[in-house]
Amino acid sequence: MHILEKMVMTTGFANLTWGSAIMIVVGCVAIYLAIVKKYEPLLLLPIGFGVIVGNIPYNPSLPLGVYDTVANGASQNSVLSYIYWGVKAGVLPPLIFLGIGALTDFSSLISSPKSVLLGAAAQLGIFGTFVGALLLGFNGLEAASIGIIGGADGPTSIFLSSQLAPHLLGPIAIAAYSYMALVPVIQPPLMKLLITEKEARIRMKPPRVVSKTEKILFPIIVVIVSSMIAPGSLTLVGMLMLGNLLKESGVTDRLARSTGNALLDICTVLLSFAVGASTQASVFLTPKALGIFALGLFSFMIATAGGLLFAKFMNLFLKEKINPLIGAAGVSAVPDSARVVQHYALKFDKDNHLLMHAMAPNVSGVIGSAIAAGVFIALFQ
Amino acid sequence: MHILEKMVMTTGFANLTWGSAIMIVVGCVAIYLAIVKKYEPLLLLPIGFGVIVGNIPYNPSLPLGVYDTVANGASQNSVLSYIYWGVKAGVLPPLIFLGIGALTDFSSLISSPKSVLLGAAAQLGIFGTFVGALLLGFNGLEAASIGIIGGADGPTSIFLSSQLAPHLLGPIAIAAYSYMALVPVIQPPLMKLLITEKEARIRMKPPRVVSKTEKILFPIIVVIVSSMIAPGSLTLVGMLMLGNLLKESGVTDRLARSTGNALLDICTVLLSFAVGASTQASVFLTPKALGIFALGLFSFMIATAGGLLFAKFMNLFLKEKINPLIGAAGVSAVPDSARVVQHYALKFDKDNHLLMHAMAPNVSGVIGSAIAAGVFIALFQ
Amino acid sequence: MHILEKMVMTTGFANLTWGSAIMIVVGCVAIYLAIVKKYEPLLLLPIGFGVIVGNIPYNPSLPLGVYDTVANGASQNSVLSYIYWGVKAGVLPPLIFLGIGALTDFSSLISSPKSVLLGAAAQLGIFGTFVGALLLGFNGLEAASIGIIGGADGPTSIFLSSQLAPHLLGPIAIAAYSYMALVPVIQPPLMKLLITEKEARIRMKPPRVVSKTEKILFPIIVVIVSSMIAPGSLTLVGMLMLGNLLKESGVTDRLARSTGNALLDICTVLLSFAVGASTQASVFLTPKALGIFALGLFSFMIATAGGLLFAKFMNLFLKEKINPLIGAAGVSAVPDSARVVQHYALKFDKDNHLLMHAMAPNVSGVIGSAIAAGVFIALFQ
Amino acid sequence: MITDSLKTAADTLNAAGQPAYGLTNLINNHGHTIALSGILIVFLGLILIALTISLFNFFSSQVQKREQKEKSRQEEEAKTPAFRGDEIPTDHLIAITAAVELYRRLHLDPIRTKVTFDRGEIHTPWKTGYKFGQRIAPRK
Amino acid sequence: MITDSLKTAADTLNAAGQPAYGLTNLINNHGHTIALSGILIVFLGLILIALTISLFNFFSSQVQKREQKEKSRQEEEAKTPAFRGDEIPTDHLIAITAAVELYRRLHLDPIRTKVTFDRGEIHTPWKTGYKFGQRIAPRK
Amino acid sequence: MITDSLKTAADTLNAAGQPAYGLTNLINNHGHTIALSGILIVFLGLILIALTISLFNFFSSQVQKREQKEKSRQEEEAKTPAFRGDEIPTDHLIAITAAVELYRRLHLDPIRTKVTFDRGEIHTPWKTGYKFGQRIAPRK
Ligand code: NA
Ligand code: NA
Ligand code: NA
């Protein structure tokens, strides 16, 4: 009975800390939100499950978790650490962008050049939060990684954090995805505050049809322009636009299909799961993480306000007014924030469909955030 | 003509040893069994082809085989060694479990909690063989890896061997898959020996319908419970249950589809081929391999007997008797052993369909083996 | 304004060299050819885009390009360098061959053993160019890698170069794919020169139907024979034939489907993109590259002439004459050169369909080139 | 797991690597203890899982019964369609449903649907599907 | 980017690692300069993209107008088919087209086709597709 | 391959790395010998493959002839169906078959089937498939 007794003492039940218990509950909540509330389920579900797996207590001598790598012996590396390597080395986010590019239709953006600027304005959230994080005492690298949460692009956030502040990757990724899921809760109050009913009723002309040639030229021009301006954005924008060119060229359909399905899905599962598993209580439940969550919310709010106000500002000079609500879609969080705009506008005019118009700043915000990430990479790496 | 003569002397034909020739024939036999007998073709076919490729004789100075890695120069590593790395580092088996999880339906198990124990009883094969291997003179790490053959789960066997006894990985994997293919030959005699005709005729109530909520809660609970009890099982059970949650959640269908198809298939091909190619005659045709094959058969027999006898034992206490034949399905070898039970029962009562009932211990045996592997990992790694 | 001024000076626009500008134009031309002329779009499109991405000027201190790897710190490796690793280590080409094998039907080859030799004759291009490259002053390793361009198989060329002369990988890959795309321009003049109209009108008997057993035995026999003769071809031929066996066995359809679609497509995108990105002006715009392009053209011409003349030579001994045009298909460039043969023959006899007959030397040329690569690997590695 | 001391002992023995066999080897490697504790842990884990299943089985069964009653009522109502148009052959219907379902799966990913074929008397090949652990409807 | 000197300064500060907060930390890290330049670069990049789009929008719009005119003429002609056989139910037609399209996509990869459903009055599930950035035809 | 001594020689030369060209470089690198042996090995390999193919071609041809005879007999019998129901348009039939086939491929993996369209007179797009090395039925 002596051995049995000891055996029981070494199980996970005995080693369970309050931290791990809390994190396991957090993981369950994430899964609940993903399944019942349908908040970004493709990401939140594997993240939530990863949080559970990453917080199962175990004897530290076992190589099981994502951080269990020992340089001098491959047999000492855990399997999860190999998967997490794809996150830490920054490989998975660009591959995900390749797949997203193969699924994204930029024609709404091509047909309305003005909206491109709204995607730029929403990046105020990134730089505002960067300043805020510095004020709170984070160092430059950390502040940049926290600021990028306001870009509202999961892969961009994870990519930048992995390059600049890998020790904060877990909380930043979780914060980014959480607030992306909460966009329908965060944005409407700001819309109410900043946009008058008259503005919300503005109708916009249906966008013109975009030719195949334009769709093919677009990714090539974007990659050249954005990486010339901010070379650090080359990896993310390059992969996104490669995927898009595969889709739009019309001669590489099978490549676009495989990258937009199998590759995207597999990388999404592995990335989300590994990010979730990296939130071990000991590295996650820290005052810094609390600060990150506060700054992340702040980031989304500034980004939304930036987009809305810049749209109002543009209207001062435009003959053909744009509906300033679509400025809120500049935060990215594709396609959730565009949907929020659509729903909000319908409250005032049930025939005013802004979804298509909101997609332009929406995807422009993706490019804008990638450029912002490029600025930080160039500066800090 | 001098050079031509020498040239002929250096071809594979000239370097062919009896060992390689035998192994090439073994590879052809495996392919024959896979194609003509349809014994686990998804695994035996690439394994068989790998055995052929791995036993083509070549000048040892060429980096071609799975073992040709030289630490101090990546250019000295063969391509096969990179693929084999996925096996040796233990990365491929958990990814395969992810895919299998995305294809497995645990509802038969959820609807009959009693059957879970049959999956536990069949793990007697693992620990019995562990003892047997120690008696034959293998050391603890080797004995554990050999014992796991009785778990009748390919990925689990390969994972454990890669962690504990990589030098025996080839024979253990081949033995595990061979006996899994031979389950229809191994199990019926034991059934005849241990189960009376009266018992074989027992009919079971159709299982109840399982709700979606239960199917969603199941993978979460299993991963917490099993990895709390045996933290070493975290990797395998975690990935299996992640795949299953992706499938059952109903909100991540595209992730379940890609992991259950593209990822599973690609990993299966690479793992099976690399395992086959690791059976170079010089490391495979050894007395140890013979011992492993003998112990592997022993292992399957104990596991089957364990399941059958435990089912009979349970019937002593149950009001509503279970058909003890389904105990044999506890060895896993999903879904072959469940089919064997179905066929065997039909011989006595052509309307007694046990397949569904046998699936419960069948998948429970997968979890049981993973826990057993976790015990060994915790103990020996 | 001081900082803004400096900022502008550090953008890519300021760092742009003539070399990068030329290469970006080259990339655009490749994309144009891929989309408008439909020249091998699955390869040329990602290569062209990769050329653009690889030649965006950036501050050399940033880890962005394929060559930016620093041994002593993973965080200093660029994402592109990880993708390029798959090329440099030789891993991607065999995986592509696995997928191609799962899509290739060898029955035309099995039904006409004579045509196999035409695939051998066309390899004269490889060895002729090897001699030519030595005469131009390349060393043995470089000459072998340049010679293989004449094999007209992208993955084989890239595999051999990655093993023997990685510093020439970019130009060799681009030359190989460019001339493969230009096969419809290169081959007809040589056909006109070497084949009389009477020969071009020769009709051939329709090939017999090939049984499933033969199709299954073929890959097994080919891998044994070719790797016995030239062990260095084991990796390429082994993977090609594994894929083919998965397809023909009839019991592993799902494996053949996943390797022939998802795996093939993903590896193709990553390989082509990385190869394109490796053509940075500083390593690409060199006199050596010019020499490689000249030798590459030479290589394709010798290969075509070799195939055509050997077919004429065979006709001296054959009762049932073959149409010597199909000799040109021996260069591989599957299936383009076979199509060229078909079109050329139709000019003389609009009912003489040679496509099917040309497929035999076409796929035989793939095996021939892999054996030739094996010879060089055995000799130089 | 088990004991740290055991682990140390095992490690020492493995390091020493004295080739042995039979009972000596078994005892030196603590084979009997490990085997016994191992099977106990496996049982412990699976018993806990079985208990949890039993538990939520119990709770869900009541909920389910109610739901099923309501469903069957609704289904009966649904079985009498308001309007019956032209008869479409069952085979066509199945093929069309399959096509539509496939189209949706390939192109409209986020929307989740499920095609279920009612079990009829005709034996069509669509009913022969079999996968790992798939349920088969019980014989009536 | 920005300035090399800035970078050096930033690096030095990070190396020193003196934990600070508030305005001191902001100024030490050149936060205000970086934020300002950063947002400017983002705007610069996206303005350039917007300009390029405007440019080729301008050129292509003319070309497109001509093309569309021709197309609409052709389409009108095509709308009066020479021969009208048996009426096939729309639902069948769509299902069949989807099936054929799927077959082609899965088996005849190199050939590129696209199935487009004309917007009719009936609300069928095939029109509900939604993907990232997908266009929705404008309301008439 | 070739000779170990050759390899050593080649290695030495490469190591020395004296830049040369023309015949000197060719001879120093044993270019002529390597090229000659290389092409011989390629021919040897492919001749062996050709021989093996010829061999099993010979054996299988007899077997196949017999099989084909039986098949054609069976097919003729099968061509007169016992019962002819309503005429279903060929296009529908093809579409339905394609749909069913696709459904089975996606959902019922382990069962292997193959759809083959008999060559008729109508030119439908389904017959245009083309893949690497795919056979085309010979013109009659
Ligand atoms: Na953004
Ligand atoms: Na098992
Ligand atoms: Na070739």
# chains A, B, ... in the order shown; residues from 1 in each chain; ligands from 1

call {"tool": "residues_around", "arguments": {"residues": "B:Gly238", "least_positions_apart": "3", "cutoff": "10 Å", "atoms": "only C-alpha atoms", "output": "number ranges by chain"}}
result
A: 49-50, 52-54; B: 94, 97-98, 101, 219-220, 222-224, 226-227, 233-235, 241-244

call {"tool": "interface_residues", "arguments": {"of": "chain C", "to": "chain A", "cutoff": "6 Å", "atoms": "only C-alpha atoms", "output": "list in words"}}
result
Thr11, Gly12, Phe13, Leu42, Tyr58, Val79, Ala262 and Asp265 of chain C

call {"tool": "residues_near_ligand", "arguments": {"ligand": "ligand 1", "cutoff": "6 Å", "atoms": "only C-alpha atoms and all ligand atoms", "output": "PyMOL selection string"}}
result
chain A and resi 151-153+331-332+365-366+368-369

call {"tool": "residues_near_ligand", "arguments": {"ligand": "ligand 3", "cutoff": "12 Å", "atoms": "only C-alpha atoms and all ligand atoms", "output": "VMD selection string"}}
result
(chain C and resid 116 118 to 126 147 to 157 176 180 299 to 300 303 to 304 307 328 to 337 360 to 373) or (chain F and resid 42)

call {"tool": "atom_distance", "arguments": {"atom1": "atom CA of A:Leu355", "atom2": "atom CA of A:Ile322"}}
result
13.2 Å

call {"tool": "atom_distance", "arguments": {"atom1": "atom CA of B:Ile292", "atom2": "atom CA of B:Leu117"}}
result
27.6 Å

call {"tool": "residues_around", "arguments": {"residues": "F:Phe58", "least_positions_apart": "5", "cutoff": "12 Å", "atoms": "only C-alpha atoms", "output": "PyMOL selection string"}}
result
(chain C and resi 110-113+208+210+214) or (chain F and resi 51-53+63-65)

call {"tool": "closest_residue", "arguments": {"among": "A:Lys37, A:Lys192, A:Lys205, A:Lys350", "to": "chain E", "atoms": "only C-alpha atoms"}}
result
A:Lys205

call {"tool": "atom_distance", "arguments": {"atom1": "atom CA of C:Met23", "atom2": "atom CA of C:Gly170"}}
result
12.3 Å
